[in-house]
Amino acid sequence: MPSRKPPAARFGPWIPSHKFSFVVLVVLTVLTYANSLHGKFVFDDLQLVHQNSDVMNVKTFRDAIISGWFAAGQRHLLFVTYALNYYWSGLETFSYHVVNLILHTVNVLLVYGIILAVLKRELQFRFAALAGAAVFAVHTLLSGAVSYIAGRSSVLCGTFYFAAIYLFLNGLDSERRNVRVAFFGMTAVSGLLAWQAKQEAIALPIFFAAVVFLRTEKKNWWWIAGLAAIPLVAVVLLFDQIKILYGQVGANAVLVSAGFEKVLPPATYFRTYLTSVVEYYFPRFLVPTDLTIDPQIETVEHWYSPEFLMSIAILSILGWLAVRTYRREPFLALGITATVVSPLLAYIAIPLADVVLEHRAYIPGLGIAFIFAWILQWTSRNYARLAWIAAAVAVLILGFMTAARNAVFANNIALWEDAVRKAPEKPRPHFNLGQAYQDAQRIPDAIREYERALALKPDIHAAYSNLAAIYLDQRQLDRGEEMLLKVTSLSPTFTEGFINLAVLYLRKQETDKALAAINRALELNPDSFAAHYNKGEVLTQKGDYKAAVESYRQSVYLRPDLHSFRLTLGTAYARAGDPISAEKVFKELTNSPVAPEAYRNLGLLYNNAGQPDQALEHFQQAARLREIFPDVHHDMGLVYLRKQMLDQAIEQFRLVLEQQPDHGPAILNLAAVYQMKGDSQTAREALQGFIQRYGNSNSPYVAQARQRLLALGSTNP
């Protein structure tokens, strides 16, 4: 009788299909990041989108491609994606987060393919590939790239970086020369696209050289050296651009003028950054806790500092371990290589203001995927029954941690409250939290955080400037002026200080001083939308309406999303004697959040042009859109008064006073209408009531009401 094979031998262990793995990975990724899709613009998002006029003026698909590609800087492909987002949804952040999530999902699948490609897609390694890719999908350290819109630079670069690795591995394994050439050609294209997304892709050829070194027993040193030399060639070819970038980054002009720290000297930065790679990033790859957008990193002052020497030793040991273990444990060796020979260490070349930013760890996350694949392999060999339980538990824990971390990027307040908790002795998180509170009109909280930041670092000029802006809003002009004069004296290159100083002089109606301050702000930053807008305000106060129009137009170009700027531009056109342009601007705004004001201004235009019926039509539309709108009811009352429709005028003026009882012009006009109707008694009663209620206020209309009352012969003025 023929022997029967036992079931396990006959059927073998179950091997997941690629389709099953893809579905699991996609669902896992989407579920983990679903709560990130409605996060607002935070931190650097504002600079990349809100303050980028190339992106903000996109109106067509063609604009998005051209404006994005030719936007300032070197990350052309990245800015094309931001421009496309703006074309699709303006400043609604949902589409921005969806693009980030789609890119991350693609990267998860690429990581799955890369792990399989390492061992030539052998079936028994599909579980390891699935586990490694699943960990990459949900790893909490990567949330700083996926949930953070500005983190797209790393995610997008990662898409082409990982595609290049996948293609390169396939090229290495191809036996036919023409197929190998095709794969390597596509690798080069992917590498160039990665570079156009973010220049950290310069590390890619060095990783290729490391892979070739590890995989081949007989070393082809010419090939290895050629790959490793590509970044050096790129540096030589782009030397002028890199030199400019180096100077700009090193100067750190914006933050330094605001009173924050200078960039570390190159040698100090080298030691500090290398140490932070080992002390900050490496532990969080394994246990991603205590994450923050702005960690407190201690400066490493000396070459002989123990923490620096220890970091060198650890990196050396990791390199030795990768070489020694590749044949026996390729996943472990490649995991170490992909983590160390990665963009993470590429940042060591140029001193940056922020020594640590978590989204830089995104591409090195490939190394963690390899390492977790190796852990699953090792567990399967030694504790087969626990392997998948352990893998599932790890993925679930990381997934829940990541979902919790995503919430930190929901808005600036959440982001900086978290940063303050994690680094309470660092001044910048307190300042940024204060700014977030100020934007949310939580003024006492903002003042508290500014004062805390100044207690930690007394020369933060931006904190004094923002406090002064609060004092201006509170009408403490003398206190604000004293603070701003100090700021502009101590930091003569701080743009915001001069803008706030100009606003102060505007409120004091000292237009010459205001103009000098705002011109200085524009010298420092010709692209400051706030400076252009406030120059328009200064010129308007001086009566130079035509010149004001040009300033307002520039502010609208720089920030077309600010409807209030466009509304002011329309008013400036009207004042400058250009009603046609004013009408065009106001009509464009009738479908915007400022539609009530736009309809009111159209009504004023038509009224001034002697078209009262059209004016009334637009005033009525404004009143329908905004339930409480006393000014527009007053405008309607004046039109009815001009048309001698006295009862309708009375109705409108009374409605104004119901909505705003201290509206002086309305009470004067109401009394005038009653007088025109011959009802002097009602006119007197209206004026007396206003005087009794507001007689002790600073309203300029009280004196006029008294004069009117005397003219009516009141015995009790």
# chains A, B, ... in the order shown; residues from 1 in each chain; ligands from 1
>>> residues_around(residues="Lys422 (chain A)", least_positions_apart="4", cutoff="8 Å", atoms="only C-alpha atoms", output="ChimeraX atom specification")
/A:290-292,295,418
>>> write_last_selection(atoms="N, CA and C atoms", output="mmCIF file, in the first residue's frame")
data_model
loop_
_atom_site.group_PDB
_atom_site.id
_atom_site.type_symbol
_atom_site.label_atom_id
_atom_site.label_comp_id
_atom_site.auth_asym_id
_atom_site.auth_seq_id
_atom_site.Cartn_x
_atom_site.Cartn_y
_atom_site.Cartn_z
ATOM 1 N N ASP A 290 7.198 59.290 22.641
ATOM 2 C CA ASP A 290 7.726 60.626 22.930
ATOM 3 C C ASP A 290 8.083 61.378 21.652
ATOM 4 N N LEU A 291 7.206 61.284 20.644
ATOM 5 C CA LEU A 291 7.425 61.985 19.384
ATOM 6 C C LEU A 291 6.943 63.429 19.509
ATOM 7 N N THR A 292 7.594 64.335 18.802
ATOM 8 C CA THR A 292 7.209 65.745 18.842
ATOM 9 C C THR A 292 7.701 66.458 17.601
ATOM 10 N N PRO A 295 11.567 68.732 18.982
ATOM 11 C CA PRO A 295 12.210 68.172 20.181
ATOM 12 C C PRO A 295 13.363 69.038 20.687
ATOM 13 N N ASP A 418 1.107 69.797 22.193
ATOM 14 C CA ASP A 418 1.869 68.550 22.321
ATOM 15 C C ASP A 418 3.363 68.845 22.409
#
>>> residues_around(residues="Phe94 (chain A)", least_positions_apart="4", cutoff="10 Å", atoms="only C-alpha atoms", output="MDAnalysis selection string")
chainID A and resid 36:40 85 89 98:99
>>> write_last_selection(atoms="N, CA and C atoms", output="PDB file, in the first residue's frame")
ATOM      1  N   SER A  36      -6.729  61.299   9.858  1.00  0.00           N
ATOM      2  CA  SER A  36      -5.832  62.417   9.542  1.00  0.00           C
ATOM      3  C   SER A  36      -6.354  63.272   8.398  1.00  0.00           C
ATOM      4  N   LEU A  37      -7.444  62.841   7.747  1.00  0.00           N
ATOM      5  CA  LEU A  37      -7.843  63.444   6.480  1.00  0.00           C
ATOM      6  C   LEU A  37      -8.462  64.834   6.612  1.00  0.00           C
ATOM      7  N   HIS A  38      -8.833  65.223   7.813  1.00  0.00           N
ATOM      8  CA  HIS A  38      -9.468  66.539   7.980  1.00  0.00           C
ATOM      9  C   HIS A  38      -8.591  67.505   8.779  1.00  0.00           C
ATOM     10  N   GLY A  39      -7.322  67.164   8.921  1.00  0.00           N
ATOM     11  CA  GLY A  39      -6.415  68.065   9.624  1.00  0.00           C
ATOM     12  C   GLY A  39      -6.215  69.377   8.878  1.00  0.00           C
ATOM     13  N   LYS A  40      -6.030  70.458   9.611  1.00  0.00           N
ATOM     14  CA  LYS A  40      -5.839  71.779   9.015  1.00  0.00           C
ATOM     15  C   LYS A  40      -4.377  71.982   8.607  1.00  0.00           C
ATOM     16  N   ASN A  85      -3.312  70.240  -5.950  1.00  0.00           N
ATOM     17  CA  ASN A  85      -4.249  70.247  -4.816  1.00  0.00           C
ATOM     18  C   ASN A  85      -5.018  71.552  -4.756  1.00  0.00           C
ATOM     19  N   SER A  89      -9.028  71.823  -4.972  1.00  0.00           N
ATOM     20  CA  SER A  89      -9.863  72.124  -3.794  1.00  0.00           C
ATOM     21  C   SER A  89      -9.499  73.409  -3.072  1.00  0.00           C
ATOM     22  N   VAL A  98      -5.544  63.447   1.317  1.00  0.00           N
ATOM     23  CA  VAL A  98      -5.821  62.266   0.501  1.00  0.00           C
ATOM     24  C   VAL A  98      -4.617  61.938  -0.381  1.00  0.00           C
ATOM     25  N   VAL A  99      -4.015  62.958  -0.980  1.00  0.00           N
ATOM     26  CA  VAL A  99      -2.829  62.719  -1.816  1.00  0.00           C
ATOM     27  C   VAL A  99      -1.707  62.120  -0.977  1.00  0.00           C
TER      28      VAL A  99
END
>>> residues_around(residues="Ala387 (chain A)", least_positions_apart="6", cutoff="8 Å", atoms="only C-alpha atoms", output="VMD selection string")
chain A and resid 376 379 to 380
>>> residues_around(residues="Gly399 (chain A)", least_positions_apart="2", cutoff="9 Å", atoms="only C-alpha atoms", output="PyMOL selection string")
chain A and resi 28-29+31-33+135+137-140+394-397+401-404
>>> closest_residue(among="A:Phe653, A:Gln51, A:Leu605, A:Asn591", to="Leu625 (chain A)", atoms="only C-alpha atoms")
A:Asn591
>>> residues_around(residues="Asp613 (chain A)", least_positions_apart="5", cutoff="12 Å", atoms="only C-alpha atoms", output="MDAnalysis selection string")
chainID A and resid 603:608 618:620 636 639:640 642:643
>>> residues_around(residues="region 365-367 of chain A", least_positions_apart="2", cutoff="7 Å", atoms="only C-alpha atoms", output="PyMOL selection string")
chain A and resi 111+136+334-339+361-363+369-371
>>> write_last_selection(atoms="N, CA and C atoms", output="CSV table (one decimal), in the first residue's frame")
chain,number,residue,atom,x,y,z
A,111,VAL,N,7.2,48.8,-0.8
A,111,VAL,CA,8.1,48.2,0.2
A,111,VAL,C,7.8,46.6,0.2
A,136,PHE,N,5.6,49.0,8.1
A,136,PHE,CA,5.9,50.3,7.5
A,136,PHE,C,4.6,51.1,7.3
A,334,LEU,N,20.1,44.1,5.2
A,334,LEU,CA,19.5,45.2,4.4
A,334,LEU,C,18.7,46.2,5.2
A,335,GLY,N,18.1,45.7,6.3
A,335,GLY,CA,17.5,46.7,7.2
A,335,GLY,C,18.4,47.7,7.8
A,336,ILE,N,19.6,47.2,8.3
A,336,ILE,CA,20.6,48.1,8.8
A,336,ILE,C,21.1,49.0,7.7
A,337,THR,N,21.3,48.5,6.5
A,337,THR,CA,21.9,49.3,5.4
A,337,THR,C,20.9,50.4,5.0
A,338,ALA,N,19.6,50.0,4.8
A,338,ALA,CA,18.6,50.9,4.4
A,338,ALA,C,18.3,52.0,5.4
A,339,THR,N,18.6,51.8,6.7
A,339,THR,CA,18.4,52.8,7.7
A,339,THR,C,19.6,53.7,7.8
A,361,ALA,N,12.6,60.7,8.7
A,361,ALA,CA,12.8,59.3,9.0
A,361,ALA,C,11.9,58.5,8.0
A,362,TYR,N,11.2,59.1,7.1
A,362,TYR,CA,10.2,58.3,6.3
A,362,TYR,C,10.9,57.3,5.4
A,363,ILE,N,11.9,57.7,4.6
A,363,ILE,CA,12.5,56.8,3.7
A,363,ILE,C,13.4,55.8,4.4
A,369,ALA,N,11.2,48.2,7.9
A,369,ALA,CA,10.4,47.1,7.3
A,369,ALA,C,11.2,45.8,7.1
A,370,PHE,N,12.4,46.0,6.7
A,370,PHE,CA,13.3,44.8,6.5
A,370,PHE,C,13.6,44.2,7.9
A,371,ILE,N,13.8,45.0,8.9
A,371,ILE,CA,14.2,44.4,10.2
A,371,ILE,C,13.0,43.7,10.8
>>> closest_residue(among="A:Val408, A:Ala188, A:Leu141, A:Val235", to="Pro288 (chain A)", atoms="only C-alpha atoms")
A:Leu141
>>> closest_residue(among="A:Tyr273, A:Phe400, A:Tyr148, A:Trp374", to="Pro330 (chain A)", atoms="only C-alpha atoms")
A:Trp374
>>> select_by_dssp(residues="region 250-317 of chain A", states="alpha helix (DSSP H)", output="number ranges by chain")
A: 250-251, 253-258, 266-276, 282-286, 306-317
>>> write_last_selection(atoms="N, CA and C atoms", output="compact mmCIF listing (two decimals), in the first residue's frame")
# COMPACT_ATOMS: atom_id res chain seq x y z
N GLY A 250 22.38 78.42 6.12
CA GLY A 250 23.27 78.80 7.21
C GLY A 250 22.90 80.14 7.84
N ALA A 251 22.46 81.07 6.99
CA ALA A 251 22.08 82.40 7.51
C ALA A 251 20.81 82.31 8.37
N ALA A 253 17.97 83.54 8.00
CA ALA A 253 17.71 84.96 8.23
C ALA A 253 16.37 85.22 8.90
N VAL A 254 15.33 84.53 8.46
CA VAL A 254 13.99 84.82 8.98
C VAL A 254 13.91 84.52 10.47
N LEU A 255 14.37 83.34 10.87
CA LEU A 255 14.28 82.97 12.29
C LEU A 255 15.25 83.78 13.15
N VAL A 256 16.43 84.05 12.61
CA VAL A 256 17.40 84.83 13.39
C VAL A 256 16.89 86.24 13.62
N SER A 257 16.29 86.85 12.58
CA SER A 257 15.76 88.21 12.74
C SER A 257 14.60 88.22 13.74
N ALA A 258 13.89 87.10 13.85
CA ALA A 258 12.78 87.00 14.81
C ALA A 258 13.27 86.76 16.23
N PRO A 266 29.18 74.45 11.33
CA PRO A 266 29.22 73.14 10.65
C PRO A 266 29.77 72.00 11.49
N ALA A 267 30.89 72.21 12.19
CA ALA A 267 31.48 71.12 12.97
C ALA A 267 30.57 70.73 14.13
N THR A 268 30.00 71.75 14.80
CA THR A 268 29.09 71.47 15.92
C THR A 268 27.84 70.77 15.42
N TYR A 269 27.33 71.26 14.27
CA TYR A 269 26.14 70.63 13.70
C TYR A 269 26.42 69.17 13.35
N PHE A 270 27.58 68.89 12.75
CA PHE A 270 27.95 67.52 12.38
C PHE A 270 27.88 66.60 13.60
N ARG A 271 28.51 67.03 14.68
CA ARG A 271 28.53 66.19 15.89
C ARG A 271 27.12 66.03 16.47
N THR A 272 26.39 67.13 16.50
CA THR A 272 25.06 67.11 17.10
C THR A 272 24.11 66.25 16.27
N TYR A 273 24.17 66.43 14.95
CA TYR A 273 23.25 65.68 14.09
C TYR A 273 23.55 64.19 14.13
N LEU A 274 24.83 63.84 14.01
CA LEU A 274 25.20 62.43 14.04
C LEU A 274 24.75 61.78 15.35
N THR A 275 24.93 62.50 16.43
CA THR A 275 24.50 61.98 17.73
C THR A 275 22.98 61.84 17.80
N SER A 276 22.26 62.80 17.22
CA SER A 276 20.79 62.74 17.26
C SER A 276 20.25 61.57 16.43
N PHE A 282 17.09 56.34 16.05
CA PHE A 282 17.21 54.88 16.15
C PHE A 282 16.31 54.27 17.22
N PRO A 283 16.27 54.82 18.45
CA PRO A 283 15.37 54.22 19.45
C PRO A 283 13.90 54.29 19.05
N ARG A 284 13.53 55.36 18.35
CA ARG A 284 12.12 55.54 17.98
C ARG A 284 11.74 54.71 16.76
N PHE A 285 12.71 54.23 16.02
CA PHE A 285 12.39 53.25 14.99
C PHE A 285 11.88 51.96 15.62
N LEU A 286 12.43 51.61 16.76
CA LEU A 286 12.04 50.38 17.44
C LEU A 286 10.86 50.58 18.37
N PRO A 306 31.42 62.11 25.01
CA PRO A 306 31.12 60.67 25.07
C PRO A 306 29.95 60.27 24.17
N GLU A 307 28.90 61.11 24.12
CA GLU A 307 27.73 60.74 23.32
C GLU A 307 28.07 60.69 21.82
N PHE A 308 28.97 61.59 21.39
CA PHE A 308 29.38 61.57 19.98
C PHE A 308 30.23 60.34 19.68
N LEU A 309 31.19 60.05 20.55
CA LEU A 309 32.04 58.88 20.35
C LEU A 309 31.21 57.60 20.38
N MET A 310 30.23 57.54 21.26
CA MET A 310 29.36 56.38 21.33
C MET A 310 28.55 56.23 20.03
N SER A 311 28.11 57.34 19.49
CA SER A 311 27.35 57.28 18.24
C SER A 311 28.21 56.75 17.10
N ILE A 312 29.45 57.22 17.03
CA ILE A 312 30.37 56.72 16.00
C ILE A 312 30.56 55.21 16.17
N ALA A 313 30.72 54.78 17.40
CA ALA A 313 30.93 53.35 17.67
C ALA A 313 29.71 52.54 17.24
N ILE A 314 28.51 53.02 17.57
CA ILE A 314 27.30 52.28 17.23
C ILE A 314 27.12 52.19 15.72
N LEU A 315 27.35 53.28 15.01
CA LEU A 315 27.24 53.25 13.56
C LEU A 315 28.26 52.30 12.94
N SER A 316 29.46 52.28 13.50
CA SER A 316 30.51 51.37 13.00
C SER A 316 30.11 49.91 13.23
N ILE A 317 29.57 49.65 14.41
CA ILE A 317 29.13 48.28 14.71
C ILE A 317 28.00 47.85 13.77
>>> residues_around(residues="Ile149 (chain A)", least_positions_apart="4", cutoff="9 Å", atoms="only C-alpha atoms", output="PyMOL selection string")
chain A and resi 39-42+44-45+93+96-97+100+145+153
>>> decode(residues="region 451-493 of chain A", atoms="C-alpha atoms", output="PDB file, in the first residue's frame")
ATOM      1  CA  GLU A 451       5.709  85.464  28.377  1.00  0.00           C
ATOM      2  CA  ARG A 452       6.853  81.900  28.998  1.00  0.00           C
ATOM      3  CA  ALA A 453       8.883  81.941  25.771  1.00  0.00           C
ATOM      4  CA  LEU A 454      10.480  85.253  26.770  1.00  0.00           C
ATOM      5  CA  ALA A 455      11.281  83.898  30.234  1.00  0.00           C
ATOM      6  CA  LEU A 456      13.241  81.123  28.528  1.00  0.00           C
ATOM      7  CA  LYS A 457      14.814  83.394  25.899  1.00  0.00           C
ATOM      8  CA  PRO A 458      14.417  87.128  26.598  1.00  0.00           C
ATOM      9  CA  ASP A 459      15.424  88.308  23.103  1.00  0.00           C
ATOM     10  CA  ILE A 460      12.662  86.729  20.976  1.00  0.00           C
ATOM     11  CA  HIS A 461      11.746  89.813  18.976  1.00  0.00           C
ATOM     12  CA  ALA A 462       8.772  88.096  17.351  1.00  0.00           C
ATOM     13  CA  ALA A 463       7.177  87.524  20.759  1.00  0.00           C
ATOM     14  CA  TYR A 464       7.475  91.222  21.633  1.00  0.00           C
ATOM     15  CA  SER A 465       6.047  92.148  18.220  1.00  0.00           C
ATOM     16  CA  ASN A 466       3.061  89.840  18.644  1.00  0.00           C
ATOM     17  CA  LEU A 467       2.448  91.133  22.172  1.00  0.00           C
ATOM     18  CA  ALA A 468       2.530  94.655  20.786  1.00  0.00           C
ATOM     19  CA  ALA A 469      -0.093  93.665  18.194  1.00  0.00           C
ATOM     20  CA  ILE A 470      -2.311  92.483  21.054  1.00  0.00           C
ATOM     21  CA  TYR A 471      -1.819  95.799  22.840  1.00  0.00           C
ATOM     22  CA  LEU A 472      -2.800  97.657  19.645  1.00  0.00           C
ATOM     23  CA  ASP A 473      -6.043  95.678  19.487  1.00  0.00           C
ATOM     24  CA  GLN A 474      -6.624  96.575  23.135  1.00  0.00           C
ATOM     25  CA  ARG A 475      -6.021 100.265  22.263  1.00  0.00           C
ATOM     26  CA  GLN A 476      -2.912 100.420  24.454  1.00  0.00           C
ATOM     27  CA  LEU A 477      -1.110 102.402  21.766  1.00  0.00           C
ATOM     28  CA  ASP A 478       1.622 103.936  23.894  1.00  0.00           C
ATOM     29  CA  ARG A 479       2.589 100.570  25.370  1.00  0.00           C
ATOM     30  CA  GLY A 480       2.566  98.983  21.922  1.00  0.00           C
ATOM     31  CA  GLU A 481       4.684 101.784  20.443  1.00  0.00           C
ATOM     32  CA  GLU A 482       7.296 101.486  23.168  1.00  0.00           C
ATOM     33  CA  MET A 483       7.595  97.754  22.586  1.00  0.00           C
ATOM     34  CA  LEU A 484       7.729  98.014  18.776  1.00  0.00           C
ATOM     35  CA  LEU A 485      10.366 100.750  18.777  1.00  0.00           C
ATOM     36  CA  LYS A 486      12.478  98.500  20.967  1.00  0.00           C
ATOM     37  CA  VAL A 487      11.944  95.521  18.635  1.00  0.00           C
ATOM     38  CA  THR A 488      12.815  97.425  15.457  1.00  0.00           C
ATOM     39  CA  SER A 489      15.862  98.920  17.130  1.00  0.00           C
ATOM     40  CA  LEU A 490      17.212  95.593  18.374  1.00  0.00           C
ATOM     41  CA  SER A 491      16.304  93.694  15.204  1.00  0.00           C
ATOM     42  CA  PRO A 492      16.393  96.070  12.209  1.00  0.00           C
ATOM     43  CA  THR A 493      15.834  93.153   9.802  1.00  0.00           C
TER      44      THR A 493
END
